[in-house]
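One file, target14.cif, is given below (mmCIF, N, CA and C atoms).
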data_coords
loop_
_atom_site.label_atom_id
_atom_site.label_comp_id
_atom_site.auth_asym_id
_atom_site.auth_seq_id
_atom_site.Cartn_x
_atom_site.Cartn_y
_atom_site.Cartn_z
N MET R 838 -35.71 -82.51 73.26
CA MET R 838 -35.85 -83.14 71.96
C MET R 838 -34.77 -82.65 70.99
N LEU R 839 -34.49 -81.36 71.04
CA LEU R 839 -33.47 -80.80 70.16
C LEU R 839 -32.10 -81.40 70.46
N ARG R 840 -31.79 -81.62 71.74
CA ARG R 840 -30.51 -82.24 72.11
C ARG R 840 -30.42 -83.66 71.57
N LEU R 841 -31.51 -84.39 71.63
CA LEU R 841 -31.52 -85.76 71.12
C LEU R 841 -31.26 -85.77 69.62
N LEU R 842 -31.89 -84.88 68.88
CA LEU R 842 -31.66 -84.80 67.44
C LEU R 842 -30.21 -84.42 67.14
N PHE R 843 -29.67 -83.49 67.90
CA PHE R 843 -28.27 -83.10 67.73
C PHE R 843 -27.35 -84.29 67.99
N LEU R 844 -27.61 -85.02 69.06
CA LEU R 844 -26.80 -86.19 69.41
C LEU R 844 -26.87 -87.24 68.32
N LEU R 845 -28.04 -87.50 67.78
CA LEU R 845 -28.19 -88.46 66.69
C LEU R 845 -27.44 -88.02 65.45
N ALA R 846 -27.46 -86.73 65.16
CA ALA R 846 -26.73 -86.20 64.00
C ALA R 846 -25.23 -86.39 64.19
N VAL R 847 -24.72 -86.15 65.38
CA VAL R 847 -23.30 -86.32 65.67
C VAL R 847 -22.91 -87.79 65.54
N ILE R 848 -23.70 -88.69 66.07
CA ILE R 848 -23.41 -90.12 65.99
C ILE R 848 -23.40 -90.57 64.54
N THR R 849 -24.36 -90.10 63.75
CA THR R 849 -24.41 -90.45 62.33
C THR R 849 -23.17 -89.95 61.61
N ALA R 850 -22.74 -88.74 61.88
CA ALA R 850 -21.55 -88.19 61.23
C ALA R 850 -20.30 -88.97 61.59
N VAL R 851 -20.19 -89.38 62.84
CA VAL R 851 -19.03 -90.14 63.29
C VAL R 851 -18.98 -91.49 62.59
N ARG R 852 -20.12 -92.08 62.37
CA ARG R 852 -20.19 -93.42 61.79
C ARG R 852 -20.13 -93.40 60.27
N ALA R 853 -20.08 -92.23 59.62
CA ALA R 853 -20.05 -92.13 58.17
C ALA R 853 -18.82 -92.84 57.61
N GLN R 854 -19.00 -93.44 56.48
CA GLN R 854 -17.92 -94.19 55.84
C GLN R 854 -17.11 -93.27 54.92
N THR R 855 -15.84 -93.61 54.73
CA THR R 855 -14.95 -92.82 53.88
C THR R 855 -14.23 -93.76 52.91
N GLY R 856 -13.36 -93.19 52.10
CA GLY R 856 -12.54 -93.97 51.19
C GLY R 856 -11.63 -94.96 51.91
N GLU R 857 -11.37 -94.73 53.18
CA GLU R 857 -10.57 -95.65 53.99
C GLU R 857 -11.26 -97.01 54.14
N ASN R 858 -12.57 -97.04 53.94
CA ASN R 858 -13.34 -98.27 54.11
C ASN R 858 -13.56 -99.02 52.81
N VAL R 859 -12.90 -98.58 51.74
CA VAL R 859 -13.08 -99.16 50.41
C VAL R 859 -11.79 -99.84 49.95
N LEU R 860 -11.93 -101.03 49.38
CA LEU R 860 -10.83 -101.65 48.65
C LEU R 860 -11.23 -101.58 47.18
N LEU R 861 -10.45 -100.87 46.39
CA LEU R 861 -10.71 -100.70 44.97
C LEU R 861 -9.90 -101.74 44.20
N VAL R 862 -10.58 -102.63 43.48
CA VAL R 862 -9.93 -103.74 42.78
C VAL R 862 -9.84 -103.41 41.29
N VAL R 863 -8.62 -103.46 40.76
CA VAL R 863 -8.32 -103.04 39.40
C VAL R 863 -7.62 -104.17 38.65
N ASN R 864 -8.00 -104.38 37.39
CA ASN R 864 -7.29 -105.34 36.55
C ASN R 864 -6.25 -104.57 35.75
N LYS R 865 -4.99 -104.72 36.13
CA LYS R 865 -3.93 -103.95 35.46
C LYS R 865 -3.72 -104.38 34.00
N ASN R 866 -4.35 -105.48 33.58
CA ASN R 866 -4.28 -105.91 32.18
C ASN R 866 -5.27 -105.17 31.30
N ASP R 867 -6.13 -104.36 31.88
CA ASP R 867 -7.17 -103.65 31.14
C ASP R 867 -6.98 -102.14 31.33
N PRO R 868 -6.59 -101.42 30.29
CA PRO R 868 -6.37 -99.98 30.42
C PRO R 868 -7.62 -99.23 30.92
N ALA R 869 -8.80 -99.67 30.50
CA ALA R 869 -10.04 -99.01 30.95
C ALA R 869 -10.22 -99.18 32.45
N SER R 870 -9.90 -100.35 32.97
CA SER R 870 -9.99 -100.61 34.40
C SER R 870 -9.09 -99.66 35.17
N CYS R 871 -7.90 -99.43 34.66
CA CYS R 871 -6.94 -98.53 35.32
C CYS R 871 -7.43 -97.08 35.28
N ARG R 872 -7.98 -96.66 34.15
CA ARG R 872 -8.50 -95.28 34.05
C ARG R 872 -9.68 -95.06 34.99
N ILE R 873 -10.58 -96.04 35.03
CA ILE R 873 -11.74 -95.93 35.93
C ILE R 873 -11.27 -95.86 37.38
N ALA R 874 -10.31 -96.69 37.74
CA ALA R 874 -9.80 -96.71 39.11
C ALA R 874 -9.17 -95.38 39.48
N ASP R 875 -8.40 -94.80 38.56
CA ASP R 875 -7.77 -93.50 38.82
C ASP R 875 -8.84 -92.44 39.08
N TYR R 876 -9.87 -92.43 38.27
CA TYR R 876 -10.95 -91.46 38.43
C TYR R 876 -11.69 -91.69 39.76
N TYR R 877 -12.09 -92.93 40.02
CA TYR R 877 -12.87 -93.26 41.22
C TYR R 877 -12.07 -92.97 42.49
N ARG R 878 -10.79 -93.36 42.48
CA ARG R 878 -9.95 -93.19 43.67
C ARG R 878 -9.87 -91.73 44.09
N ILE R 879 -9.68 -90.85 43.14
CA ILE R 879 -9.59 -89.42 43.45
C ILE R 879 -10.94 -88.87 43.91
N ARG R 880 -12.01 -89.21 43.19
CA ARG R 880 -13.34 -88.67 43.52
C ARG R 880 -13.86 -89.16 44.86
N ARG R 881 -13.48 -90.37 45.27
CA ARG R 881 -13.98 -90.95 46.52
C ARG R 881 -12.95 -90.93 47.63
N SER R 882 -11.81 -90.28 47.40
CA SER R 882 -10.74 -90.16 48.39
C SER R 882 -10.28 -91.51 48.92
N VAL R 883 -10.07 -92.44 48.00
CA VAL R 883 -9.58 -93.77 48.37
C VAL R 883 -8.06 -93.71 48.42
N PRO R 884 -7.45 -94.03 49.56
CA PRO R 884 -5.98 -93.99 49.66
C PRO R 884 -5.32 -95.01 48.71
N LEU R 885 -4.12 -94.70 48.27
CA LEU R 885 -3.40 -95.61 47.38
C LEU R 885 -3.24 -97.00 47.97
N LYS R 886 -3.06 -97.09 49.29
CA LYS R 886 -2.90 -98.41 49.92
C LYS R 886 -4.18 -99.25 49.83
N ASN R 887 -5.31 -98.61 49.49
CA ASN R 887 -6.59 -99.30 49.37
C ASN R 887 -6.91 -99.68 47.93
N VAL R 888 -5.91 -99.63 47.06
CA VAL R 888 -6.09 -100.04 45.67
C VAL R 888 -5.35 -101.35 45.47
N CYS R 889 -6.09 -102.34 44.98
CA CYS R 889 -5.53 -103.68 44.76
C CYS R 889 -5.47 -103.96 43.27
N TYR R 890 -4.27 -104.14 42.74
CA TYR R 890 -4.08 -104.41 41.33
C TYR R 890 -3.97 -105.91 41.09
N LEU R 891 -4.86 -106.42 40.24
CA LEU R 891 -4.83 -107.82 39.85
C LEU R 891 -4.25 -107.94 38.46
N SER R 892 -3.78 -109.12 38.14
CA SER R 892 -3.38 -109.45 36.79
C SER R 892 -4.24 -110.63 36.36
N SER R 893 -5.46 -110.31 35.95
CA SER R 893 -6.41 -111.38 35.63
C SER R 893 -6.78 -111.34 34.15
N PRO R 894 -7.35 -112.44 33.65
CA PRO R 894 -7.79 -112.45 32.25
C PRO R 894 -8.87 -111.40 32.03
N LEU R 895 -9.05 -111.00 30.79
CA LEU R 895 -10.06 -110.01 30.45
C LEU R 895 -11.43 -110.64 30.22
N ASP R 896 -11.53 -111.94 30.41
CA ASP R 896 -12.79 -112.65 30.21
C ASP R 896 -13.79 -112.31 31.30
N GLU R 897 -15.07 -112.30 30.94
CA GLU R 897 -16.13 -112.04 31.92
C GLU R 897 -16.26 -113.22 32.88
N GLU R 898 -16.07 -114.45 32.38
CA GLU R 898 -16.20 -115.64 33.20
C GLU R 898 -14.86 -116.38 33.23
N ILE R 899 -14.45 -116.79 34.43
CA ILE R 899 -13.17 -117.48 34.60
C ILE R 899 -13.39 -118.79 35.36
N SER R 900 -12.39 -119.65 35.32
CA SER R 900 -12.47 -120.92 36.05
C SER R 900 -12.24 -120.70 37.54
N TRP R 901 -12.61 -121.69 38.32
CA TRP R 901 -12.43 -121.60 39.77
C TRP R 901 -10.95 -121.43 40.12
N GLN R 902 -10.09 -122.17 39.45
CA GLN R 902 -8.66 -122.09 39.75
C GLN R 902 -8.10 -120.72 39.41
N VAL R 903 -8.50 -120.17 38.27
CA VAL R 903 -8.06 -118.82 37.91
C VAL R 903 -8.58 -117.81 38.93
N TYR R 904 -9.82 -117.99 39.37
CA TYR R 904 -10.38 -117.10 40.39
C TYR R 904 -9.53 -117.13 41.66
N GLN R 905 -9.21 -118.32 42.12
CA GLN R 905 -8.42 -118.43 43.35
C GLN R 905 -7.03 -117.83 43.19
N ASP R 906 -6.38 -118.11 42.05
CA ASP R 906 -5.00 -117.66 41.84
C ASP R 906 -4.90 -116.18 41.48
N ARG R 907 -5.83 -115.67 40.68
CA ARG R 907 -5.70 -114.33 40.12
C ARG R 907 -6.62 -113.28 40.73
N VAL R 908 -7.59 -113.72 41.55
CA VAL R 908 -8.52 -112.76 42.15
C VAL R 908 -8.53 -112.90 43.67
N GLU R 909 -8.94 -114.05 44.17
CA GLU R 909 -9.11 -114.25 45.61
C GLU R 909 -7.80 -114.06 46.39
N GLN R 910 -6.76 -114.75 45.96
CA GLN R 910 -5.49 -114.67 46.68
C GLN R 910 -4.89 -113.26 46.64
N PRO R 911 -4.86 -112.59 45.47
CA PRO R 911 -4.33 -111.22 45.47
C PRO R 911 -5.15 -110.24 46.32
N ILE R 912 -6.49 -110.39 46.34
CA ILE R 912 -7.29 -109.52 47.18
C ILE R 912 -6.97 -109.77 48.66
N GLY R 913 -6.86 -111.03 49.04
CA GLY R 913 -6.48 -111.36 50.41
C GLY R 913 -5.12 -110.79 50.77
N ASN R 914 -4.17 -110.88 49.85
CA ASN R 914 -2.83 -110.33 50.09
C ASN R 914 -2.86 -108.81 50.23
N CYS R 915 -3.69 -108.15 49.42
CA CYS R 915 -3.82 -106.68 49.54
C CYS R 915 -4.38 -106.30 50.90
N LEU R 916 -5.41 -107.00 51.33
CA LEU R 916 -6.03 -106.68 52.62
C LEU R 916 -5.06 -106.91 53.78
N LYS R 917 -4.33 -108.02 53.73
CA LYS R 917 -3.38 -108.33 54.80
C LYS R 917 -2.17 -107.41 54.76
N GLY R 918 -1.61 -107.25 53.57
CA GLY R 918 -0.37 -106.48 53.41
C GLY R 918 -0.50 -105.03 53.80
N ALA R 919 -1.66 -104.45 53.56
CA ALA R 919 -1.87 -103.03 53.89
C ALA R 919 -2.56 -102.84 55.24
N GLY R 920 -2.77 -103.94 55.96
CA GLY R 920 -3.43 -103.86 57.27
C GLY R 920 -4.87 -103.39 57.17
N LEU R 921 -5.59 -103.86 56.17
CA LEU R 921 -6.94 -103.37 55.91
C LEU R 921 -8.05 -104.36 56.28
N ARG R 922 -7.69 -105.50 56.82
CA ARG R 922 -8.70 -106.54 57.08
C ARG R 922 -9.85 -106.05 57.96
N GLU R 923 -9.58 -105.21 58.92
CA GLU R 923 -10.62 -104.73 59.83
C GLU R 923 -11.17 -103.36 59.42
N LYS R 924 -10.61 -102.75 58.38
CA LYS R 924 -11.04 -101.42 57.96
C LYS R 924 -11.96 -101.43 56.75
N VAL R 925 -11.69 -102.34 55.81
CA VAL R 925 -12.44 -102.36 54.56
C VAL R 925 -13.83 -102.95 54.78
N LEU R 926 -14.83 -102.16 54.39
CA LEU R 926 -16.22 -102.60 54.47
C LEU R 926 -16.81 -102.84 53.10
N TYR R 927 -16.16 -102.30 52.06
CA TYR R 927 -16.66 -102.40 50.70
C TYR R 927 -15.53 -102.80 49.76
N ILE R 928 -15.81 -103.75 48.89
CA ILE R 928 -14.87 -104.11 47.83
C ILE R 928 -15.52 -103.65 46.53
N VAL R 929 -14.87 -102.72 45.84
CA VAL R 929 -15.39 -102.16 44.60
C VAL R 929 -14.52 -102.66 43.46
N THR R 930 -15.14 -103.38 42.52
CA THR R 930 -14.40 -103.86 41.35
C THR R 930 -14.68 -102.92 40.18
N THR R 931 -13.68 -102.71 39.36
CA THR R 931 -13.82 -101.87 38.18
C THR R 931 -14.13 -102.74 36.96
N MET R 932 -14.57 -102.09 35.91
CA MET R 932 -14.75 -102.78 34.64
C MET R 932 -13.43 -103.46 34.28
N GLY R 933 -13.50 -104.69 33.78
CA GLY R 933 -12.28 -105.40 33.42
C GLY R 933 -11.91 -106.48 34.41
N VAL R 934 -12.49 -106.43 35.60
CA VAL R 934 -12.31 -107.50 36.58
C VAL R 934 -13.37 -108.56 36.26
N PRO R 935 -12.99 -109.85 36.15
CA PRO R 935 -13.97 -110.88 35.82
C PRO R 935 -15.20 -110.83 36.73
N LEU R 936 -16.36 -111.18 36.17
CA LEU R 936 -17.61 -111.11 36.90
C LEU R 936 -18.09 -112.45 37.44
N LYS R 937 -17.78 -113.54 36.72
CA LYS R 937 -18.34 -114.84 37.09
C LYS R 937 -17.26 -115.91 37.18
N VAL R 938 -17.53 -116.87 38.06
CA VAL R 938 -16.67 -118.05 38.19
C VAL R 938 -17.50 -119.23 37.73
N ASP R 939 -16.94 -120.07 36.86
CA ASP R 939 -17.74 -121.11 36.22
C ASP R 939 -18.04 -122.33 37.09
N GLY R 940 -18.05 -122.21 38.36
CA GLY R 940 -18.40 -123.28 39.27
C GLY R 940 -17.65 -123.13 40.56
N ALA R 941 -18.28 -123.52 41.64
CA ALA R 941 -17.68 -123.32 42.96
C ALA R 941 -16.84 -124.52 43.37
N GLY R 942 -15.56 -124.38 43.36
CA GLY R 942 -14.68 -125.42 43.88
C GLY R 942 -14.55 -126.62 42.98
N SER R 943 -14.31 -127.77 43.59
CA SER R 943 -13.99 -128.97 42.84
C SER R 943 -15.21 -129.73 42.35
N GLU R 944 -16.39 -129.37 42.80
CA GLU R 944 -17.60 -130.05 42.37
C GLU R 944 -17.90 -129.68 40.93
N SER R 945 -17.87 -130.67 40.04
CA SER R 945 -18.07 -130.38 38.62
C SER R 945 -19.49 -129.93 38.32
N ALA R 946 -20.44 -130.29 39.16
CA ALA R 946 -21.83 -129.92 38.93
C ALA R 946 -22.22 -128.64 39.66
N ALA R 947 -21.27 -127.97 40.27
CA ALA R 947 -21.58 -126.76 41.05
C ALA R 947 -22.06 -125.64 40.13
N ASP R 948 -22.92 -124.80 40.67
CA ASP R 948 -23.45 -123.67 39.91
C ASP R 948 -22.41 -122.58 39.79
N PRO R 949 -22.48 -121.81 38.71
CA PRO R 949 -21.60 -120.64 38.60
C PRO R 949 -21.91 -119.64 39.70
N VAL R 950 -20.90 -118.87 40.09
CA VAL R 950 -21.07 -117.86 41.15
C VAL R 950 -20.47 -116.55 40.64
N SER R 951 -20.81 -115.45 41.30
CA SER R 951 -20.24 -114.17 40.91
C SER R 951 -18.95 -113.93 41.70
N VAL R 952 -18.03 -113.23 41.07
CA VAL R 952 -16.77 -112.87 41.73
C VAL R 952 -17.06 -112.02 42.97
N GLY R 953 -17.99 -111.10 42.86
CA GLY R 953 -18.32 -110.24 43.99
C GLY R 953 -18.83 -111.00 45.20
N SER R 954 -19.70 -111.97 44.98
CA SER R 954 -20.24 -112.72 46.11
C SER R 954 -19.18 -113.60 46.75
N GLU R 955 -18.30 -114.17 45.97
CA GLU R 955 -17.23 -115.00 46.51
C GLU R 955 -16.21 -114.15 47.27
N SER R 956 -15.89 -112.97 46.75
CA SER R 956 -14.93 -112.09 47.41
C SER R 956 -15.46 -111.59 48.75
N ALA R 957 -16.76 -111.39 48.82
CA ALA R 957 -17.37 -110.88 50.06
C ALA R 957 -17.31 -111.91 51.18
N VAL R 958 -17.29 -113.18 50.83
CA VAL R 958 -17.28 -114.24 51.84
C VAL R 958 -15.94 -114.30 52.53
N GLU R 959 -14.88 -114.02 51.83
CA GLU R 959 -13.54 -114.11 52.39
C GLU R 959 -13.40 -113.05 53.41
#

What does the file become when written as structure tokens?
Amino acid sequence: MLRLLFLLAVITAVRAQTGENVLLVVNKNDPASCRIADYYRIRRSVPLKNVCYLSSPLDEEISWQVYQDRVEQPIGNCLKGAGLREKVLYIVTTMGVPLKVDGAGSESAADPVSVGSESAVE
């Protein structure tokens, strides 16, 4: 029984997540976003290559087109460019990154969605 518990503890430790599994998303247009990212990156040991800088509006809610151009595409480019597509398990946004998209796609009657939920689908 003791060996089984030891083996389970070793497996759990091996599977533990690190800063390598995080993509930290920062709005470089917001000084607070940059300060938070600097603090979080150091405390959570997030490598510099796992920090994605966006240039997005400071608004809480943005249009679908702005989301695609200023959030979705840059995050995709960060993941591809740094070879992180298979490593990142968590996308962490800082204060200053827009929270909501005012409708999904071209459907004018579409419901608003959150930036986090849309980013997770990609």

Checklist entry - Which residues fall under the PyMOL selection byres (((chain R and resi 871-886 and name CA) around 12) and name CA) in this file, as a ChimeraX atom specification? => result /R:854-870,887-892,914-921,924-925,927-934

Checklist entry - Please, what distance in Å, to one decimal, runs between atom C of R:Gly940 and atom C of R:Gly913? => result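 Going from atom C of R:Gly940 over to atom C of R:Gly913 covers 20.3 Å.
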
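Atom pair atom C of R:Tyr904 / atom N of R:Leu926: separated by 20.4 Å.
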
Checklist entry - DSSP on the backbone: what in stretch 865-930 of chain R comes out alpha helix (DSSP H), as number ranges by chain? => result R: 868-880, 901-904, 910-918

Checklist entry - In Å, how far is it from atom CA of R:Leu895 to atom CA of R:Pro935? => result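 Going from atom CA of R:Leu895 over to atom CA of R:Pro935, I get 6.7 Å.
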
Given the file shown, enumerate the residues that the PyMOL selection byres ((chain R and resi 897) around 7) captures and present them as an mmCIF file with N, CA and C atoms, in the coordinates of the input.
data_model
loop_
_atom_site.group_PDB
_atom_site.id
_atom_site.type_symbol
_atom_site.label_atom_id
_atom_site.label_comp_id
_atom_site.auth_asym_id
_atom_site.auth_seq_id
_atom_site.Cartn_x
_atom_site.Cartn_y
_atom_site.Cartn_z
ATOM 1 N N PRO R 894 -7.350 -112.440 33.650
ATOM 2 C CA PRO R 894 -7.790 -112.450 32.250
ATOM 3 C C PRO R 894 -8.870 -111.400 32.030
ATOM 4 N N LEU R 895 -9.050 -111.000 30.790
ATOM 5 C CA LEU R 895 -10.060 -110.010 30.450
ATOM 6 C C LEU R 895 -11.430 -110.640 30.220
ATOM 7 N N ASP R 896 -11.530 -111.940 30.410
ATOM 8 C CA ASP R 896 -12.790 -112.650 30.210
ATOM 9 C C ASP R 896 -13.790 -112.310 31.300
ATOM 10 N N GLU R 898 -16.070 -114.450 32.380
ATOM 11 C CA GLU R 898 -16.200 -115.640 33.200
ATOM 12 C C GLU R 898 -14.860 -116.380 33.230
ATOM 13 N N ILE R 899 -14.450 -116.790 34.430
ATOM 14 C CA ILE R 899 -13.170 -117.480 34.600
ATOM 15 C C ILE R 899 -13.390 -118.790 35.360
ATOM 16 N N VAL R 934 -12.490 -106.430 35.600
ATOM 17 C CA VAL R 934 -12.310 -107.500 36.580
ATOM 18 C C VAL R 934 -13.370 -108.560 36.260
ATOM 19 N N PRO R 935 -12.990 -109.850 36.150
ATOM 20 C CA PRO R 935 -13.970 -110.880 35.820
ATOM 21 C C PRO R 935 -15.200 -110.830 36.730
ATOM 22 N N LEU R 936 -16.360 -111.180 36.170
ATOM 23 C CA LEU R 936 -17.610 -111.110 36.900
ATOM 24 C C LEU R 936 -18.090 -112.450 37.440
ATOM 25 N N LYS R 937 -17.780 -113.540 36.720
ATOM 26 C CA LYS R 937 -18.340 -114.840 37.090
ATOM 27 C C LYS R 937 -17.260 -115.910 37.180
ATOM 28 N N VAL R 938 -17.530 -116.870 38.060
ATOM 29 C CA VAL R 938 -16.670 -118.050 38.190
ATOM 30 C C VAL R 938 -17.500 -119.230 37.730
#

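Minimum atom-to-atom distances from R:Ala853, R:Gln910, R:Trp901, R:Ser893 to R:Asp939 were compared using all atoms listed in the file, and the lowest value belongs to R:Trp901.
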